[in-house]
Amino acid sequence: MWIITALSREPGRAFLNSAKSAAVYFVGLHIRGLWLNSWMASERVSSARSNTFSRPPLVETWAPISMSDDSERDEKVRVRFAPSPTGLLHIGGARTALYNWLQARHDGGAMILRIEDTDRERSTPDNVEQILDALRWLELEWDEGPKSQYERGDRHVEVLGSLLASGAAYRDPATSQDVKAWKDRHGADRGYRGEASDDPGAAVRLRVPDDGDTIVQDLIRGEVRFPNAAADDFVIARGDGSVLYNFAVAVDDADMGITDVIRGDDHLSNTPKQLLVMEAMGVEPPRYAHLPLLHGPDGKKLSKRNGAASVQELRERGYLPAAVRNYLALLGWGTGDDTTVMSTEQLIERFDVSDVGRSSAIFDEQKLRWLNGRFMREMALDEYTAVVARHLGREPDERLRAACSIVQDKAQTLNEVWPLVAFLFEEPVTDEKAWRKVMKDGAFPLLEEAHAALSGVDPFEPGQIERALASVLAERDVKPGKLYQPIRVAITGGTVSPGIFESLAALGREAALRRMRRALDRDRKARRNG
RNA sequence: GGCCCCGUGGUGUAACGGUUAGCACGCGAGGUUUUCAACCUCGUAGCGCGGGUUCGACUCCCGCCGGGGCUACCA
């Protein structure tokens with residue numbers, strides 16, 4: 001019945017990945033009593049549920065398979081993004097947020113935003129706002145929160161009290177120096193064990209079992225074992241009563257009904273601690289998925305010097321949120337086929353965190369640029385104009401719309417738009433190098449003829465303009481570039497611009513003729529003086 | 001040092017014991033062309049190393065090397 005349930009709910013890869021475990025599970029089921037006892041004794045199993053069925057539970061009493069178990073598995077997925085507000089949202093953090101969001105949307109679940117602000121010095125309102133700002137720009141809307149971990153302090157104290165009462169945790173006056181000394185005596189691969197004390201000012205440690213492994217069933221890594229004997233009885237609350245990260249996270253994830261913890265690889269080593277806390281609390285832990293970390297172009301940590309570091313930096317560089325989402329999604333995750341360009345809807349449809357790869361990836365801005373260009377070109381003109389207007393801080397008026405229409409298939413990023421169309425909005429500054437290169441002697445008679453030809457063009461639109469200039473070309477029997485480049489320099493100031501007919505049309509006849517005249521005057525003046 | 005993770009071209013990935021190791025970015029050449037892009041075609045470059053297992057390993061096992069994370073009364 002279970003296999004059938006699993007098959008019908010989650011066909012495909014997730015099931016296949018789990019098939020082996022399912023077999024183990026079944027064997028276990030049949031010799032349940034004996035098997036479970038020995039398992040619990042030897043391994044202190046604490047693990048995530050897989051995609052398709054429950055793993056052996058944490059609790060000491062075995063809950064028989066029942067309908068209620070099935071309904072529990074149908075619960076809505078709840079993921080969380082839980083950044084600590086240390087400043088700008090880094091790209092790695094953005095990817096973590098994206099993967100959480102995609103998984104939540106894919107499963108029709110909820111994403112909870114929780115700010116890990118128990119470190120009061122780092123957690124300034126400004127830092128929190130930076131994170132929210134970045135998430136809003138990326139259009140990763142959360143369903144609950146932002147919740148402050150700090151504000152849940154009462155609850156943390158409450159749980160702390162009950163763990164103390166049950167003996168799962170104890171007060172230990174040993175300082176970190178004491179622990180270090182203990183390790184020098186007992187070896188670095190042996191976990192510290194303290195002595196319980198009545199000292200109310202002593203730090204609180206969680207009791208870690210002396211034998212067995214704590215097992216993380218990771219959706220990405222598979223089974224990862226951490227020997228309990230090597231783990232310290234770790235501090236969960238300071239002497240002053242304030243709680244520590246690994247404790248607060250476990251309590252919060254449990255309380256908030258998180259079903260899937262999707263976070264960076266740097267937390268993998270924290271996971272057994274959090275599992276141990278949840279086991280002490282008597283709650284079932286969520287599933288875990290630890291994403292490989294992101295690195296800069298040189299393989300080192302991502303930083304300002306080393307490629308773009310923050311989300312706001314990507315915004316400043318003129319990237320589109322949709323392109324960033326697509327790119328980030330591809331960093332460590334693939335579709336299985338050769339699809340690379342995907343709308344957000346497609347990402348949501350296809351994404352599953354269990355398909356994420358295991359190796360760390362390098363952030364490569366060149367590919368982002370290419371992808372961004374794809375998204376820029378595929379946008380409808382109205383949308384494109386609106387986005388460009390917002391980026392430039394301008395009104396999306398007709399003139400900007402016209403500018404956008406001639407530049408859309410050229411710009412890879414929003415930052416590249418303005419330099420290409422600025423000539424439509426302000427008098428161009430002539431690039432002297434371009435002038436010397438293009439405005440050779442033969443150029444001016446051609447320019448003069450073009451001026452005459454264009455003055456009669458009506459309506460002043462690309463097709464008519466092209467025809468008028470083509471006749472000049474035919475008459476003089478010169479190559480197009482000989483005529484078009486001088487015009488380009490005359491009206492834009494440089495050698496690079498959108499298509500010349502479109503550029504002329506967008507500029508308008510009056511301004512175009514004026515600028516061409518001015519170029520001719522400059523030449524005449526130069527002759528007179530030279 | 002201890003514990004843990006990872007290792008296919010420059011980059012992101014596919015391959016799940018049998019393929020000429022596929023795709024995309026980049027890069028190079030050519031084409032198109034009014035500039036620059038875009039676009040089209042072709043090309044370039046890879047299984048970290050060494051042992052096994054197997055008729056056969058990128059795929060499985062072991063060792064090594066390399067990269068990374070954690071190792072706080074930080075998060």
# chains A, B, ... in the order shown; residues from 1 in each chain; ligands from 1
call {"tool": "select_by_dssp", "arguments": {"residues": "stretch 332-361 of chain A", "states": "helix (DSSP H, G or I)", "output": "list in words"}}
result
Thr344, Glu345, Gln346, Leu347, Ile348, Glu349, Arg350, Val353, Ser354 and Asp355 of chain A
call {"tool": "select_by_dssp", "arguments": {"residues": "stretch 283-384 of chain A", "states": "strand (DSSP E or B)", "output": "PyMOL selection string"}}
result
chain A and resi 287-291+294-295+301+310+333+356+361-362
call {"tool": "interface_residues", "arguments": {"of": "chain A", "to": "chain B", "cutoff": "6 Å", "atoms": "only C-alpha atoms (C1' of nucleotides)", "output": "PyMOL selection string"}}
result
chain A and resi 188-189+238+266+269+338+359+367+410+480-481+484+495-496
call {"tool": "write_last_selection", "arguments": {"atoms": "N, CA and C atoms", "output": "CSV table (one decimal), in the first residue's frame"}}
result
chain,number,residue,atom,x,y,z
A,188,ALA,N,41.1,15.4,19.8
A,188,ALA,CA,40.3,16.3,19.0
A,188,ALA,C,39.1,15.6,18.4
A,189,ASP,N,39.2,14.3,18.2
A,189,ASP,CA,38.1,13.6,17.6
A,189,ASP,C,37.1,13.1,18.6
A,238,ARG,N,23.6,30.8,26.5
A,238,ARG,CA,24.7,31.4,27.2
A,238,ARG,C,24.4,31.4,28.7
A,266,ASP,N,27.0,25.2,3.9
A,266,ASP,CA,27.7,25.6,5.1
A,266,ASP,C,27.0,25.2,6.4
A,269,SER,N,27.0,20.8,8.5
A,269,SER,CA,27.6,20.4,9.8
A,269,SER,C,26.7,20.9,11.0
A,338,ASP,N,17.9,19.9,-22.5
A,338,ASP,CA,18.9,20.9,-22.8
A,338,ASP,C,18.3,22.3,-22.7
A,359,SER,N,27.9,19.5,-6.6
A,359,SER,CA,29.1,20.2,-6.6
A,359,SER,C,28.9,21.8,-6.6
A,367,LYS,N,27.5,34.6,-18.8
A,367,LYS,CA,26.3,33.8,-19.2
A,367,LYS,C,25.1,34.6,-18.7
A,410,LYS,N,19.5,45.3,-29.4
A,410,LYS,CA,21.0,45.5,-29.3
A,410,LYS,C,21.5,45.4,-27.9
A,480,PRO,N,27.5,51.4,-49.2
A,480,PRO,CA,26.6,52.0,-48.1
A,480,PRO,C,27.3,52.6,-47.0
A,481,GLY,N,28.4,51.9,-46.5
A,481,GLY,CA,29.1,52.4,-45.3
A,481,GLY,C,29.7,53.8,-45.5
A,484,TYR,N,26.6,56.0,-44.8
A,484,TYR,CA,25.9,55.8,-43.5
A,484,TYR,C,26.7,56.2,-42.3
A,495,THR,N,30.4,56.2,-33.8
A,495,THR,CA,30.4,55.3,-34.9
A,495,THR,C,29.4,54.1,-34.6
A,496,VAL,N,28.9,54.1,-33.4
A,496,VAL,CA,28.0,53.0,-33.0
A,496,VAL,C,26.7,53.5,-32.6
call {"tool": "closest_atom_pairs", "arguments": {"of": "stretch 231-346 of chain A", "to": "stretch 81-86 of chain A", "cutoff": "9 Å", "atoms": "only C-alpha atoms", "output": "Markdown table"}}
result
| residue | atom | partner | partner_atom | distance |
| --- | --- | --- | --- | --- |
| A:Val261 | CA | A:Phe81 | CA | 8.4 |
| A:Ile262 | CA | A:Phe81 | CA | 7.8 |
| A:Arg263 | CA | A:Phe81 | CA | 7.8 |
call {"tool": "write_last_selection", "arguments": {"atoms": "C-alpha atoms", "output": "PDB file, in the first residue's frame"}}
result
ATOM      1  CA  VAL A 261      14.842  23.223   5.036  1.00  0.00           C
ATOM      2  CA  ILE A 262      16.651  24.355   1.908  1.00  0.00           C
ATOM      3  CA  ARG A 263      19.848  26.141   2.779  1.00  0.00           C
TER       4      ARG A 263
END
call {"tool": "closest_residue", "arguments": {"among": "B:U54, B:C42, B:G48, B:A15", "to": "B:G28", "atoms": "only C-alpha atoms (C1' of nucleotides)"}}
result
B:C42
call {"tool": "atom_distance", "arguments": {"atom1": "atom CA of A:Asn228", "atom2": "atom CA of A:Ala254"}}
result
21.8 Å
call {"tool": "atom_distance", "arguments": {"atom1": "atom CA of A:His186", "atom2": "atom CA of A:Phe247"}}
result
26.0 Å
call {"tool": "atom_distance", "arguments": {"atom1": "atom CA of A:Gly442", "atom2": "atom CA of A:Lys482"}}
result
8.6 Å
